[in-house]
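Reading through the structure tokens given below for one structure.
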Amino acid sequence: MDVTEPIAWRQHFAADESLLLTRVECSMPLAADVSRADMTLLIQQGDAALVIAQAFPRSIASLYRSSWVGRLLALEEHPRLAAGLREGRRTPEFRRNLLPEGTPIVEQVLPIVNQTGRPIAVLQVETNLIAWERHRRRHSSFRAAVGWLQEMTLAGELASAQSLSPFGEWDGILYVDQNLIIRYLSGIANNLYRRLGYLTDLHGKHIGDQNTKDELLVREAIQSRECREHEVLEGSRYWTRKVVPLWGADPARWPFGARPTKITPRGALVMVHDETEEREKALELHVKSTMIKEVHHRVKNNLQTVASILRMQSRRSADAEVQTQLNEAVNRILAVAVIHEFLSHDDDQAINIRDVCQRIVTQTQRAALAPDKQIALRVQGPAIYLPSQQATACALVTNELLLNCLEHAFTGREQGSVLLELTDQGDQVVIEVIDDGIGLAEPAGAEPSSSLGLTIVRTLVEGDLKGQFQMSRADPGTRVVIRFPKEARGAG
């Protein structure tokens with residue numbers, strides 16, 4: 001089994017043949033779901049069959065762990081594929097083991113022919129043995145309906161099915177004949193209709209007898225010969241219905257030659273899904289999210305109120321040292337308030353720390369930058385999303401480092417710049433704060449003098465962020481580098 005490079009296989013076919021294969025590919029997902037089988041589309045390439053498309057069923061576990069698109073299968077090792085591609089011969093259902101997994105399966109090879117009857121591709125249908133046995137025991141009318149669906153797939157007459165949502169394992173399915181009589185009802189579908197109050201046996205009943213919107217949808221699908229999907233509130237339950245019209249030639253199977261022009265309506269498959277629980281869970285999550293946002297909004301307002309009170313207290317104090325300490329406390333409180341403001345607007349608990357840093361820079365310029373100084377504060381780097389706990393620590397660290405720069409880096413100077421640079425290294429984040437100020441007073445390599453701000457920074461970086469803190473001389477000025485590993489989103 002080889003894997004070929006992607007090729008422009010369409011160039012080997014006429015325009016109508018290429019269109020037919022495209023329509024078959026669009027039809028395969030729904031056909032695989034309803035058939036509860038894996039489907040593979042192959043064309044001949046020399047002495048091999050090339051897989052050009054594959055559909056995994058969502059109504060049952062797939063036989064494959066990964067896609068086979070692009071693989072070449074030697075025809076001498078797959079005689080049924082060879083018969084379909086070279087002779088247009090349909091092989092009967094064949095039991096074999098799927099190697100290397102060894103899963104017992106039933107395989108069928110269905111040829112796809114052009115308008116002149118020449119085979120151009122095959123559709124390989126593979127079903128695990130248990131699902132095949134279950135299907136064999138279902139009502140003959142439903143087995144016939146699945147057969148018509150597969151024949152429509154081969155003829156490219158099911159392309160409108162690509163607009164339908166997937167048919168899932170816990171969805172119900174009905175077959176309604178051309179007279180709108182229910183000829184088959186799966187057990188799941190029967191239970192779903194019981195939730196609407198239909199407790200009697202629905203087999204043999206007209207679909208209009210149910211007093212639902214099914215009849216109108218089925219009529220529209222059959223008349224337009226296109227699939228239909230509709231969401232509706234039935235009683236207290238939210239339902240999604242999908243209708244696939246069925247039609248075919250007489251006899252029921254398409255012949256192997258040119259496609260017949262006369263077709264006969266065969267009714268429709270109706271798939272029903274009760275999404276009431278999903279809607280209720282989504283509504284519950286929305287209510288919880290709204291409440292959490294409101295809590296964050298109130299916390300932000302309360303923090304801003306506390307900051308305003310401390311600012312008033314600072315203005316009334318005659319002690320310059322007390323004013324400085326109170327103003328620093330105000331900035332720390334506002335840094336935390338920024339995080340709660342982001343959480344009050346965003347559904348996601350992950351926060352973009354670049355936006356947080358920009359907001360803190362703006363706050364610092366307004367509150368801590370002396371009017372007689374022209375210090376430019378800039379943020380540079382990509383958007384980096386972190387859990388709220390890490391984002392809070394980053395906000396406090398950024399606030400302390402900016403205040404430290406403004407307080408110590410430009411003593412005796414009226415101009416300067418501070419760059420806050422963010423770097424995303426995949427599994428870790430780097431924050432650098434670089435100023436062009438007077439630099440560290442300590443000799444190179446010596447530990448910087450301790451201050452409350454730097455003590456807070458070191459505690460947050462090493463304790464909360466589990467990272468590393470470095471402070472060194474730059475040319476000119478000072479460089480602070482912080483590295484810490486990312487946590488999984490929602491960890492905060």
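Starting from 1 in every chain, residues are counted up; chains themselves are A, B, ... following the order of the structure tokens, and ligands are numbered from 1 as listed.
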Fewer than 2 positions away in the same chain doesn't count, so skip those; otherwise give me all residues within 10 Å of Gln162 in chain A, counting only C-alpha atoms, as JSON, numbers by chain. {"A": [23, 25, 26, 27, 28, 29, 30, 158, 159, 160, 164, 165, 166, 227]}
Residues of range 112-260 of chain A classed as alpha helix (DSSP H) by DSSP on the backbone are to be reported as a PyMOL selection string. chain A and resi 129-136+140-154+187-195+214-224
Would you export the selected residues with N, CA and C atoms as a compact mmCIF listing (two decimals), in the first residue's frame, please?
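Saved file selection03.txt follows:
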# COMPACT_ATOMS: atom_id res chain seq x y z
N LEU A 129 -19.25 -6.27 10.57
CA LEU A 129 -20.16 -7.41 10.44
C LEU A 129 -21.39 -7.27 11.35
N ILE A 130 -21.21 -6.72 12.53
CA ILE A 130 -22.34 -6.58 13.46
C ILE A 130 -23.38 -5.61 12.89
N ALA A 131 -22.90 -4.44 12.39
CA ALA A 131 -23.84 -3.47 11.81
C ALA A 131 -24.52 -4.04 10.58
N TRP A 132 -23.78 -4.82 9.78
CA TRP A 132 -24.38 -5.41 8.59
C TRP A 132 -25.47 -6.41 8.95
N GLU A 133 -25.24 -7.23 9.98
CA GLU A 133 -26.25 -8.20 10.42
C GLU A 133 -27.49 -7.48 10.94
N ARG A 134 -27.29 -6.39 11.66
CA ARG A 134 -28.44 -5.63 12.16
C ARG A 134 -29.24 -5.06 10.99
N HIS A 135 -28.52 -4.52 10.00
CA HIS A 135 -29.21 -3.95 8.85
C HIS A 135 -29.98 -5.03 8.09
N ARG A 136 -29.40 -6.22 8.00
CA ARG A 136 -30.04 -7.32 7.26
C ARG A 136 -31.35 -7.72 7.91
N SER A 140 -37.68 -4.78 5.14
CA SER A 140 -37.25 -4.77 3.74
C SER A 140 -37.43 -3.40 3.10
N SER A 141 -38.45 -2.65 3.54
CA SER A 141 -38.68 -1.33 2.95
C SER A 141 -37.53 -0.38 3.27
N PHE A 142 -36.99 -0.49 4.48
CA PHE A 142 -35.87 0.38 4.84
C PHE A 142 -34.60 -0.05 4.12
N ARG A 143 -34.38 -1.35 3.98
CA ARG A 143 -33.21 -1.82 3.24
C ARG A 143 -33.27 -1.34 1.80
N ALA A 144 -34.48 -1.35 1.22
CA ALA A 144 -34.64 -0.85 -0.14
C ALA A 144 -34.34 0.65 -0.20
N ALA A 145 -34.79 1.38 0.82
CA ALA A 145 -34.56 2.83 0.84
C ALA A 145 -33.07 3.15 0.90
N VAL A 146 -32.33 2.39 1.72
CA VAL A 146 -30.87 2.59 1.79
C VAL A 146 -30.24 2.26 0.44
N GLY A 147 -30.73 1.22 -0.22
CA GLY A 147 -30.22 0.88 -1.54
C GLY A 147 -30.45 2.01 -2.54
N TRP A 148 -31.65 2.61 -2.54
CA TRP A 148 -31.93 3.74 -3.43
C TRP A 148 -31.00 4.91 -3.11
N LEU A 149 -30.78 5.14 -1.81
CA LEU A 149 -29.90 6.24 -1.41
C LEU A 149 -28.49 6.03 -1.97
N GLN A 150 -28.00 4.81 -1.89
CA GLN A 150 -26.67 4.52 -2.42
C GLN A 150 -26.63 4.68 -3.93
N GLU A 151 -27.71 4.24 -4.63
CA GLU A 151 -27.75 4.39 -6.08
C GLU A 151 -27.78 5.87 -6.48
N MET A 152 -28.50 6.68 -5.71
CA MET A 152 -28.51 8.11 -5.97
C MET A 152 -27.13 8.71 -5.76
N THR A 153 -26.42 8.18 -4.78
CA THR A 153 -25.05 8.64 -4.54
C THR A 153 -24.17 8.33 -5.75
N LEU A 154 -24.30 7.12 -6.30
CA LEU A 154 -23.50 6.73 -7.46
C LEU A 154 -23.79 7.62 -8.66
N GLY A 187 -36.32 2.33 16.17
CA GLY A 187 -36.67 2.35 17.59
C GLY A 187 -36.42 3.71 18.21
N ILE A 188 -35.33 4.35 17.82
CA ILE A 188 -35.03 5.68 18.36
C ILE A 188 -36.08 6.68 17.91
N ALA A 189 -36.48 6.61 16.62
CA ALA A 189 -37.50 7.52 16.12
C ALA A 189 -38.83 7.31 16.85
N ASN A 190 -39.17 6.04 17.11
CA ASN A 190 -40.40 5.74 17.82
C ASN A 190 -40.40 6.36 19.21
N ASN A 191 -39.26 6.28 19.91
CA ASN A 191 -39.16 6.88 21.25
C ASN A 191 -39.23 8.40 21.18
N LEU A 192 -38.64 8.99 20.14
CA LEU A 192 -38.68 10.44 20.01
C LEU A 192 -40.10 10.93 19.80
N TYR A 193 -40.87 10.24 18.97
CA TYR A 193 -42.25 10.66 18.74
C TYR A 193 -43.11 10.42 19.98
N ARG A 194 -42.76 9.44 20.78
CA ARG A 194 -43.49 9.24 22.04
C ARG A 194 -43.34 10.46 22.95
N ARG A 195 -42.18 11.12 22.88
CA ARG A 195 -41.99 12.32 23.69
C ARG A 195 -42.97 13.42 23.30
N ASP A 214 -44.07 17.56 9.63
CA ASP A 214 -43.36 16.59 8.79
C ASP A 214 -43.92 16.53 7.38
N GLU A 215 -45.25 16.50 7.24
CA GLU A 215 -45.85 16.31 5.92
C GLU A 215 -45.45 17.43 4.96
N LEU A 216 -45.51 18.68 5.41
CA LEU A 216 -45.16 19.80 4.54
C LEU A 216 -43.71 19.71 4.09
N LEU A 217 -42.83 19.34 5.02
CA LEU A 217 -41.40 19.25 4.69
C LEU A 217 -41.14 18.14 3.69
N VAL A 218 -41.80 17.00 3.88
CA VAL A 218 -41.61 15.87 2.97
C VAL A 218 -42.13 16.22 1.57
N ARG A 219 -43.28 16.85 1.49
CA ARG A 219 -43.83 17.23 0.18
C ARG A 219 -42.90 18.20 -0.54
N GLU A 220 -42.37 19.17 0.20
CA GLU A 220 -41.45 20.14 -0.41
C GLU A 220 -40.21 19.44 -0.95
N ALA A 221 -39.66 18.49 -0.18
CA ALA A 221 -38.45 17.80 -0.61
C ALA A 221 -38.70 16.95 -1.85
N ILE A 222 -39.82 16.23 -1.86
CA ILE A 222 -40.12 15.36 -3.01
C ILE A 222 -40.38 16.19 -4.26
N GLN A 223 -41.13 17.30 -4.13
CA GLN A 223 -41.45 18.13 -5.29
C GLN A 223 -40.21 18.82 -5.86
N SER A 224 -39.32 19.27 -4.97
CA SER A 224 -38.12 19.97 -5.43
C SER A 224 -36.97 19.02 -5.76
Would you list the contacts of Val270 in chain A as a ChimeraX atom specification, taking every protein, DNA or RNA residue within 9 Å and counting only C-alpha atoms, but skipping same-chain residues closer than 4 positions in sequence? /A:172-176,214,218,241-245
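The gap separating CA of Asp355 in chain A from CA of Gly437 in chain A is 25.3 Å, in Å to one decimal.
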Applying 8 Å and only C-alpha atoms, which residues near Asn301 in chain A remain after dropping the ones on its own chain fewer than 4 positions away? List them as an MDAnalysis selection string. chainID A and resid 297 305 337
Let's have the selection written as a compact mmCIF listing (two decimals), in the first residue's frame, with N, CA and C atoms.
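Final output, result-v7.txt:
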# COMPACT_ATOMS: atom_id res chain seq x y z
N HIS A 297 -18.12 42.27 36.67
CA HIS A 297 -18.39 43.68 36.47
C HIS A 297 -18.53 44.41 37.81
N THR A 305 -14.01 51.78 43.00
CA THR A 305 -14.49 52.62 44.11
C THR A 305 -13.45 52.70 45.21
N ALA A 337 -8.31 45.40 38.63
CA ALA A 337 -9.63 45.77 38.07
C ALA A 337 -9.65 45.58 36.56
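By chain and then residue number, the residues within 9 Å of Ile438 in chain A are His408, Ala409, Phe410, Thr411, Arg413, Pro476, Gly477 and Thr478 of chain A, counting only C-alpha atoms and disregarding those fewer than 5 positions away in sequence.
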